[in-house]
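File shown: coords-v8.cif (mmCIF, C-alpha atoms).
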```
data_data
#
loop_
_atom_site.label_atom_id
_atom_site.label_comp_id
_atom_site.auth_asym_id
_atom_site.auth_seq_id
_atom_site.Cartn_x
_atom_site.Cartn_y
_atom_site.Cartn_z
CA MET K 28 6.69 -18.81 28.15
CA PHE K 29 10.29 -18.66 26.91
CA MET K 30 9.78 -15.08 25.66
CA SER K 31 8.10 -13.93 28.91
CA VAL K 32 10.96 -15.32 31.02
CA ASN K 33 13.55 -13.62 28.82
CA MET K 34 11.59 -10.37 28.92
CA ALA K 35 11.43 -10.52 32.71
CA GLN K 36 15.16 -11.16 32.88
CA PHE K 37 15.78 -8.30 30.44
CA GLU K 38 13.72 -5.91 32.58
CA LYS K 39 15.67 -6.96 35.69
CA LEU K 40 18.91 -6.36 33.81
CA LEU K 41 17.77 -2.85 32.89
CA VAL K 42 17.01 -2.11 36.54
CA VAL K 43 20.43 -3.41 37.61
CA LEU K 44 22.18 -1.35 34.96
CA PHE K 45 20.28 1.77 36.04
CA LEU K 46 21.17 1.24 39.69
CA CYS K 47 24.81 0.65 38.77
CA ALA K 48 24.84 3.89 36.79
CA VAL K 49 23.38 5.80 39.73
CA ALA K 50 25.84 4.23 42.17
CA SER K 51 28.79 5.09 39.95
CA SER K 52 27.63 8.71 39.75
CA MET K 53 27.68 9.02 43.53
CA VAL K 54 31.14 10.11 44.56
CA MET K 55 32.55 10.64 47.99
CA VAL K 56 35.37 13.11 47.52
CA ASP K 57 36.94 12.04 50.78
CA ALA K 58 40.27 13.35 49.59
CA THR K 59 42.70 16.16 50.08
CA PHE K 60 42.31 19.61 48.58
CA SER K 61 45.19 18.84 46.25
CA LYS K 62 43.34 15.84 44.78
CA SER K 63 39.93 17.51 44.53
CA MET K 64 40.77 21.08 43.45
CA TYR K 65 43.25 23.13 41.48
CA ILE K 66 44.31 26.77 41.77
CA THR K 67 42.87 28.95 39.01
CA TRP K 68 44.11 32.40 39.99
CA GLY K 69 46.97 33.79 42.04
CA SER K 70 49.13 30.68 41.82
CA GLN K 71 52.20 32.81 42.50
CA HIS K 72 51.19 33.11 46.16
CA ALA K 73 48.28 30.76 46.88
CA SER K 74 49.24 27.25 47.98
CA MET K 75 47.64 23.83 48.20
CA GLN K 76 49.17 20.92 50.07
CA GLY K 77 47.41 17.80 51.27
CA GLU K 78 44.36 18.78 53.32
CA ASP K 79 45.23 22.48 53.30
CA LEU K 80 44.49 25.35 50.94
CA GLN K 81 45.81 28.86 51.58
CA LEU K 82 44.33 31.79 49.66
CA VAL K 83 46.29 35.04 49.56
CA LEU K 84 45.36 38.60 48.60
CA ASP K 85 47.81 41.42 48.10
CA GLN K 86 47.97 44.45 45.80
CA THR K 87 49.09 42.30 42.88
CA SER K 88 46.14 39.90 42.94
CA GLY K 89 43.82 37.70 44.91
CA SER K 90 43.59 33.94 44.48
CA ALA K 91 41.05 31.21 43.75
CA ALA K 92 40.55 27.47 43.33
CA GLN K 93 37.85 25.17 41.99
CA THR K 94 36.98 21.49 41.95
CA LYS K 95 37.90 19.23 39.07
CA LYS K 96 34.40 17.74 39.06
CA ALA K 97 30.88 19.19 38.97
CA PHE K 98 28.04 17.86 41.13
CA LEU K 99 24.25 17.72 41.26
CA PHE K 100 22.92 17.33 44.82
CA GLY K 101 24.67 16.24 47.95
CA SER K 102 26.61 17.87 50.78
CA ILE K 103 29.59 20.17 50.24
CA GLU K 104 31.66 21.15 53.26
CA SER K 105 34.94 22.75 54.22
CA ARG K 106 36.56 24.17 57.33
CA ILE K 107 37.60 27.80 56.93
CA LYS K 108 39.67 30.21 59.02
CA LEU K 109 39.01 33.72 57.78
CA VAL K 110 41.38 36.68 57.31
CA PRO K 111 42.26 38.06 60.77
CA GLY K 112 42.72 41.67 61.90
CA ASN K 113 41.63 44.54 59.69
CA SER K 114 40.01 42.62 56.84
CA ALA K 115 37.83 45.51 55.60
CA GLY K 116 37.33 45.45 51.84
CA THR K 117 38.18 41.77 51.46
CA VAL K 118 35.79 38.98 50.54
CA THR K 119 36.38 35.26 51.06
CA ALA K 120 33.97 33.31 48.87
CA TYR K 121 32.99 29.64 49.04
CA TYR K 122 30.24 28.60 46.66
CA LEU K 123 28.76 26.27 44.07
CA SER K 124 28.17 27.47 40.52
CA SER K 125 27.46 26.32 37.00
CA THR K 126 28.50 28.44 34.01
CA GLY K 127 26.86 30.72 31.45
CA SER K 128 24.31 33.51 31.56
CA GLN K 129 21.60 31.11 32.81
CA HIS K 130 23.79 29.67 35.55
CA ASP K 131 22.77 28.39 38.99
CA GLU K 132 24.76 29.32 42.08
CA ILE K 133 24.67 28.81 45.86
CA ASP K 134 26.85 31.21 47.86
CA PHE K 135 28.68 31.70 51.11
CA GLU K 136 30.60 35.01 51.06
CA PHE K 137 32.40 36.40 54.09
CA LEU K 138 32.66 40.19 54.10
CA GLY K 139 35.66 41.51 56.01
CA ASN K 140 35.53 44.36 58.50
CA ILE K 141 37.76 46.66 60.50
CA SER K 142 39.39 45.17 63.59
CA GLY K 143 36.94 44.54 66.40
CA GLN K 144 33.88 44.57 64.14
CA PRO K 145 32.09 41.35 63.19
CA TYR K 146 32.37 39.57 59.87
CA ILE K 147 29.19 39.48 57.78
CA VAL K 148 28.12 36.17 56.23
CA HIS K 149 26.50 36.96 52.89
CA THR K 150 24.35 34.16 51.38
CA ASN K 151 22.66 34.11 48.00
CA ILE K 152 21.15 31.69 45.51
CA PHE K 153 20.97 32.11 41.73
CA THR K 154 18.58 30.21 39.48
CA LEU K 155 18.83 30.52 35.69
CA GLY K 156 21.09 33.55 36.10
CA ASN K 157 18.82 35.38 38.53
CA GLY K 158 20.14 36.14 42.03
CA SER K 159 18.94 39.02 44.22
CA ARG K 160 18.05 36.59 47.02
CA GLU K 161 20.53 37.81 49.62
CA GLN K 162 20.37 37.09 53.32
CA GLN K 163 23.11 38.33 55.66
CA PHE K 164 24.14 37.38 59.18
CA TYR K 165 26.64 38.32 61.84
CA LEU K 166 28.58 35.39 63.28
CA TRP K 167 28.25 34.41 66.95
CA PHE K 168 31.97 33.59 67.22
CA ASP K 169 35.31 34.91 65.98
CA PRO K 170 35.80 33.19 62.58
CA THR K 171 39.47 34.22 62.48
CA ALA K 172 40.55 32.52 65.73
CA ASP K 173 40.00 28.94 64.54
CA PHE K 174 38.59 26.81 61.75
CA HIS K 175 34.81 26.43 61.47
CA ASN K 176 32.72 24.15 59.28
CA TYR K 177 30.64 25.68 56.48
CA THR K 178 28.34 23.28 54.63
CA ILE K 179 25.92 23.59 51.73
CA HIS K 180 23.39 20.75 51.67
CA TRP K 181 21.52 20.57 48.37
CA ASN K 182 18.86 18.10 47.31
CA PRO K 183 15.77 18.10 45.04
CA ILE K 184 13.62 19.45 47.90
CA GLU K 185 15.70 22.22 49.49
CA VAL K 186 19.03 23.96 49.90
CA VAL K 187 20.29 24.43 53.47
CA TRP K 188 23.28 26.52 54.56
CA TYR K 189 24.99 25.28 57.76
CA ILE K 190 27.67 26.75 60.01
CA ASP K 191 29.16 24.24 62.46
CA SER K 192 26.13 21.98 61.81
CA ILE K 193 23.70 24.82 62.70
CA PRO K 194 21.29 25.67 59.86
CA ILE K 195 21.12 29.40 59.09
CA ARG K 196 19.04 29.46 55.90
CA VAL K 197 16.70 27.28 53.83
CA TYR K 198 15.50 27.68 50.24
CA ARG K 199 12.80 25.18 49.25
CA ASN K 200 11.76 23.88 45.85
CA TYR K 201 8.53 25.45 44.56
CA GLU K 202 9.27 24.79 40.90
CA ASN K 203 5.78 23.32 40.43
CA GLU K 204 4.46 26.82 41.23
CA GLY K 205 6.67 28.56 38.71
CA ILE K 206 9.55 29.44 41.07
CA ALA K 207 12.92 28.36 39.69
CA PHE K 208 15.08 25.92 41.68
CA PRO K 209 18.66 24.75 40.96
CA ASN K 210 18.08 21.14 39.91
CA LYS K 211 19.13 20.76 36.28
CA GLN K 212 22.72 22.05 36.12
CA GLY K 213 25.84 20.50 37.56
CA MET K 214 27.87 22.89 39.69
CA ARG K 215 31.54 22.98 40.62
CA VAL K 216 32.79 24.16 44.00
CA TYR K 217 34.74 27.42 43.99
CA THR K 218 36.61 29.39 46.62
CA SER K 219 38.38 32.73 46.33
CA LEU K 220 39.83 35.66 48.23
CA TRP K 221 39.62 39.02 46.50
CA ASN K 222 39.46 42.78 46.92
CA ALA K 223 35.89 44.10 46.90
CA ASP K 224 36.32 47.41 48.69
CA ASP K 225 33.89 49.09 46.27
CA TRP K 226 31.02 47.37 48.11
CA ALA K 227 32.04 44.79 50.75
CA THR K 228 32.42 46.90 53.92
CA ARG K 229 29.74 49.45 54.74
CA GLY K 230 28.72 49.62 51.11
CA GLY K 231 32.22 50.55 49.99
CA LEU K 232 32.78 53.36 52.49
CA VAL K 233 35.66 51.50 54.16
CA LYS K 234 38.52 50.68 51.81
CA THR K 235 41.13 47.94 51.99
CA ASN K 236 44.13 48.90 54.12
CA TRP K 237 46.98 47.45 52.07
CA SER K 238 49.48 48.01 54.84
CA GLY K 239 47.97 44.85 56.37
CA ALA K 240 48.68 42.74 53.29
CA PRO K 241 49.15 39.94 52.54
CA PHE K 242 45.67 38.88 53.64
CA ILE K 243 45.37 35.13 54.14
CA ALA K 244 42.35 32.81 54.39
CA ARG K 245 42.96 29.16 55.24
CA LEU K 246 40.77 26.18 54.35
CA ASN K 247 41.02 22.49 55.18
CA HIS K 248 39.00 19.26 55.33
CA PHE K 249 37.15 19.71 52.03
CA ARG K 250 34.50 17.03 51.52
CA ALA K 251 31.98 16.62 48.71
CA ARG K 252 29.59 13.79 49.49
CA ALA K 253 27.71 14.38 46.28
CA CYS K 254 26.44 13.04 42.97
CA LYS K 255 28.89 13.51 40.13
CA TRP K 256 27.52 15.45 37.16
CA ASN K 257 27.73 13.46 33.91
CA GLY K 258 25.52 15.67 31.78
CA ALA K 259 21.73 15.66 31.36
CA ILE K 260 21.48 11.97 32.31
CA SER K 261 22.42 13.00 35.86
CA ILE K 262 19.21 15.01 36.32
CA ASN K 263 17.26 11.78 36.85
CA GLN K 264 20.10 9.68 38.24
CA CYS K 265 20.98 12.14 41.01
CA SER K 266 17.39 12.87 42.02
CA SER K 267 16.11 9.27 42.08
CA ASN K 268 14.74 8.27 45.45
CA ILE K 269 17.02 5.27 46.04
CA PRO K 270 19.29 4.37 48.99
CA ALA K 271 22.48 5.34 47.12
CA ASN K 272 21.12 8.87 46.86
CA TRP K 273 21.10 9.38 50.62
CA TRP K 274 20.29 13.10 50.23
CA THR K 275 16.79 12.17 48.98
CA SER K 276 15.86 10.28 52.16
CA PRO K 277 13.04 11.67 54.37
CA THR K 278 15.61 12.85 56.94
CA TYR K 279 16.82 15.51 54.52
CA LYS K 280 13.47 16.71 53.20
CA GLN K 281 12.80 19.09 56.08
CA LEU K 282 14.60 20.33 59.17
CA GLY K 283 13.83 18.53 62.40
CA TYR K 284 12.43 20.18 65.50
CA ALA K 285 15.82 20.81 67.12
CA GLN K 286 17.25 22.16 63.86
CA LEU K 287 14.29 24.53 63.49
CA GLY K 288 15.07 25.83 66.97
CA GLN K 289 18.67 26.47 65.97
CA LEU K 290 17.62 28.16 62.73
CA ASN K 291 15.22 30.50 64.52
CA TRP K 292 17.85 31.33 67.14
CA VAL K 293 20.28 32.43 64.43
CA ARG K 294 17.67 34.37 62.48
CA ASN K 295 16.25 36.10 65.54
CA ASN K 296 19.62 37.12 66.94
CA TYR K 297 22.09 37.41 64.06
CA MET K 298 20.24 38.09 60.80
CA ILE K 299 20.89 41.63 59.58
CA TYR K 300 19.38 41.56 56.08
CA ASP K 301 16.65 39.56 54.34
CA TYR K 302 15.66 40.39 50.78
CA CYS K 303 12.14 39.19 51.54
CA ARG K 304 11.72 42.10 53.97
CA ASP K 305 13.17 44.75 51.66
CA THR K 306 9.95 46.10 50.18
CA LYS K 307 11.60 49.34 48.97
CA ARG K 308 14.12 47.44 46.89
CA PHE K 309 11.43 45.59 44.97
CA ASN K 310 8.92 48.46 44.87
CA GLY K 311 6.39 46.27 46.61
CA GLN K 312 6.65 43.51 43.96
CA MET K 313 8.22 40.92 46.19
CA PRO K 314 9.75 37.73 44.75
CA PRO K 315 7.14 34.95 44.82
CA GLU K 316 9.18 32.64 47.07
CA CYS K 317 8.92 35.28 49.83
CA PHE K 318 5.29 34.25 50.29
CA LYS K 319 6.13 30.56 50.64
CA SER K 320 7.13 28.59 53.72
CA GLN K 321 10.85 27.86 53.54
CA PHE K 322 11.28 25.78 56.70
#
```
Write the structure described by the file as C-alpha cells, please.
Amino acid sequence: MFMSVNMAQFEKLLVVLFLCAVASSMVMVDATFSKSMYITWGSQHASMQGEDLQLVLDQTSGSAAQTKKAFLFGSIESRIKLVPGNSAGTVTAYYLSSTGSQHDEIDFEFLGNISGQPYIVHTNIFTLGNGSREQQFYLWFDPTADFHNYTIHWNPIEVVWYIDSIPIRVYRNYENEGIAFPNKQGMRVYTSLWNADDWATRGGLVKTNWSGAPFIARLNHFRARACKWNGAISINQCSSNIPANWWTSPTYKQLGYAQLGQLNWVRNNYMIYDYCRDTKRFNGQMPPECFKSQF
C-alpha cells in the first residue's frame, strides 16, 4: 500500500514536471523589435528602436534582422509598410527558417514593381531543403501607403498565411502519407530588404533604378506567440495537445466557414501563380500534395 501510494504520487509529479516544462517553453514575445531581434546585415544604415525596425537598401548593401530565439509552432506576426514608389528589383522578405541543407522554411516575400503597378506577394514553404511550392498573389490594397499585418500561423496540422487577418494560403500536414511537413526543426524569424533585380520584377527584365535609393521598408509591432525551441525535446512539448499549446486547439485545426470564404475570394481574384497548376514546370509529375485537400 505504501509503495502504491508513493508510485501514484511519483507519477503525478512526473505529469506536473512535464506540464511545467511545456509551459516554460511557451513564450509570448510581446516585446519590442529591439528586445526580440538583432540586425545581421547592413547595420550602417538599418535601424531598430523600440517597436520599430527600418530596413534600408542602397547600392552599398541591403539589410536584415533575425530573432534571438527559434520557435516550433505558434503565430508569428508583424506590421509592414513596403518600399514606396518605383520599387522594381527590390525584395522585402519576412519568413521563418531553420538552418542547413535540410532546412525548413515558411516565406512571405514582397516583390517590388514600377510605380503604379501592384506588388506581388510571393509565398513558399520548404521542407527538408525542398521548396518549389510557390504561390503568388497581387494585393487588394496599396501596401506602401500604411502598415498592414502579415501573420504566419503554424501548428502540427497546418500552416496558414494571413494578411490583415485574411487567410490567403494553407498547407496541411500529410506526413502520414509520405509528404514532408515542417514539424521537427525550430525556426527563427528573419526579415530583409535586398536587391533581386535578376529575377524579382518581370523575371528580371526590369532592373533596380538606383536613382530612387535609398529604398526603405518599415516594420513594427512584431509578436511571436509561439513555443520556444529547446532542441529535440521541443518536438513533443510544442505539439502536445494541452491548453498551454493554444495552437493545437480545434479552433486552429481547420479554417472556419467565414475564413474559407475569405480565402476563396483572395484566390479567385488575386492569385496569379500556383505551382500546383504549373504542369509544364513539373513535366506532368505534380508534387503529391497538389492532389490533397489543403483547406
- Item | Exercise: K:Asp85 partners within 12 Å, all atoms listed in the file, chain neighbours under 5 positions left out, as a ChimeraX atom specification | /K:69,71-73,90,114,116-117,220-222,235-244
Save the residues we just selected, C-alpha atoms, as a PDB file, keeping the file's coordinate frame?
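out_1.pdb was written with the following content:
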```
ATOM      1  CA  GLY K  69      46.970  33.790  42.040  1.00  0.00           C
ATOM      2  CA  GLN K  71      52.200  32.810  42.500  1.00  0.00           C
ATOM      3  CA  HIS K  72      51.190  33.110  46.160  1.00  0.00           C
ATOM      4  CA  ALA K  73      48.280  30.760  46.880  1.00  0.00           C
ATOM      5  CA  SER K  90      43.590  33.940  44.480  1.00  0.00           C
ATOM      6  CA  SER K 114      40.010  42.620  56.840  1.00  0.00           C
ATOM      7  CA  GLY K 116      37.330  45.450  51.840  1.00  0.00           C
ATOM      8  CA  THR K 117      38.180  41.770  51.460  1.00  0.00           C
ATOM      9  CA  LEU K 220      39.830  35.660  48.230  1.00  0.00           C
ATOM     10  CA  TRP K 221      39.620  39.020  46.500  1.00  0.00           C
ATOM     11  CA  ASN K 222      39.460  42.780  46.920  1.00  0.00           C
ATOM     12  CA  THR K 235      41.130  47.940  51.990  1.00  0.00           C
ATOM     13  CA  ASN K 236      44.130  48.900  54.120  1.00  0.00           C
ATOM     14  CA  TRP K 237      46.980  47.450  52.070  1.00  0.00           C
ATOM     15  CA  SER K 238      49.480  48.010  54.840  1.00  0.00           C
ATOM     16  CA  GLY K 239      47.970  44.850  56.370  1.00  0.00           C
ATOM     17  CA  ALA K 240      48.680  42.740  53.290  1.00  0.00           C
ATOM     18  CA  PRO K 241      49.150  39.940  52.540  1.00  0.00           C
ATOM     19  CA  PHE K 242      45.670  38.880  53.640  1.00  0.00           C
ATOM     20  CA  ILE K 243      45.370  35.130  54.140  1.00  0.00           C
ATOM     21  CA  ALA K 244      42.350  32.810  54.390  1.00  0.00           C
TER      22      ALA K 244
END
```
- Query: So how far away is atom CA of K:Asn272 from atom CA of K:Gly101, in Å?
  - Reply: 8.3 Å
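Selection by the PyMOL selection byres ((chain K and resi 160) around 9) on the present file picks out Thr150, Asn151, Ile152, Phe153, Asn157, Gly158, Ser159, Glu161, Gln162, Asp301, Tyr302, Cys303 and Pro314 of chain K.
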- Query: Excluding same-chain residues fewer than 2 positions from stretch 319-322 of chain K, what lies within 6 Å of it counting only C-alpha atoms, as a count of residues only?
  - Reply: 5
Can I get the residues of stretch 114-200 of chain K within 10 Å of stretch 292-295 of chain K, each with the closest pair of atoms and their distance in Å to one decimal, using all atoms listed in the file, sorted chain first then ascending number, as a Markdown table?
```
| residue | atom | partner | partner_atom | distance |
| --- | --- | --- | --- | --- |
| K:Gln162 | CA | K:Arg294 | CA | 9.9 |
| K:Gln163 | CA | K:Arg294 | CA | 9.6 |
| K:Phe164 | CA | K:Arg294 | CA | 7.9 |
| K:Tyr165 | CA | K:Val293 | CA | 9.0 |
| K:Leu166 | CA | K:Val293 | CA | 8.9 |
| K:Trp167 | CA | K:Val293 | CA | 8.6 |
| K:Ile193 | CA | K:Val293 | CA | 8.5 |
| K:Pro194 | CA | K:Val293 | CA | 8.2 |
| K:Ile195 | CA | K:Val293 | CA | 6.2 |
| K:Arg196 | CA | K:Arg294 | CA | 8.3 |
```
File dump, residues just selected, C-alpha atoms, as a JSON list (two decimals), in the frame of the given file:
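Writing done, so here's result-v7.json:
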```json
[["chain", "number", "residue", "atom", "x", "y", "z"],
["K", 162, "GLN", "CA", 20.37, 37.09, 53.32],
["K", 163, "GLN", "CA", 23.11, 38.33, 55.66],
["K", 164, "PHE", "CA", 24.14, 37.38, 59.18],
["K", 165, "TYR", "CA", 26.64, 38.32, 61.84],
["K", 166, "LEU", "CA", 28.58, 35.39, 63.28],
["K", 167, "TRP", "CA", 28.25, 34.41, 66.95],
["K", 193, "ILE", "CA", 23.70, 24.82, 62.70],
["K", 194, "PRO", "CA", 21.29, 25.67, 59.86],
["K", 195, "ILE", "CA", 21.12, 29.40, 59.09],
["K", 196, "ARG", "CA", 19.04, 29.46, 55.90]]
```
- If you measure from atom CA of K:Lys62 to atom CA of K:Arg250, what distance in Å do you get, rounded to one decimal?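 Between these atoms lies a distance of 11.2 Å.
Between K:Ala285 and the candidates K:Ser192, K:Asn182, K:Gln81, K:Ser88, the tightest atom-to-atom separation, counting only C-alpha atoms, involves K:Ser192.
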- Message: Report, in Å to a single decimal, how far apart atom CA of K:Lys255 and atom CA of K:Ala97 are.
- Response: 6.1 Å
Closest atom pairs, residues of stretch 228-305 of chain K within 9 Å of stretch 132-144 of chain K, only C-alpha atoms, as JSON lines:
```
{"residue": "K:Thr228", "atom": "CA", "partner": "K:Asn140", "partner_atom": "CA", "distance": 6.1}
{"residue": "K:Arg229", "atom": "CA", "partner": "K:Asn140", "partner_atom": "CA", "distance": 8.6}
{"residue": "K:Val233", "atom": "CA", "partner": "K:Ile141", "partner_atom": "CA", "distance": 8.2}
```
Could the residues in this selection be written to a file with C-alpha atoms, as an mmCIF file, keeping the file's coordinate frame?
```cif
data_model
loop_
_atom_site.group_PDB
_atom_site.id
_atom_site.type_symbol
_atom_site.label_atom_id
_atom_site.label_comp_id
_atom_site.auth_asym_id
_atom_site.auth_seq_id
_atom_site.Cartn_x
_atom_site.Cartn_y
_atom_site.Cartn_z
ATOM 1 C CA THR K 228 32.420 46.900 53.920
ATOM 2 C CA ARG K 229 29.740 49.450 54.740
ATOM 3 C CA VAL K 233 35.660 51.500 54.160
#
```
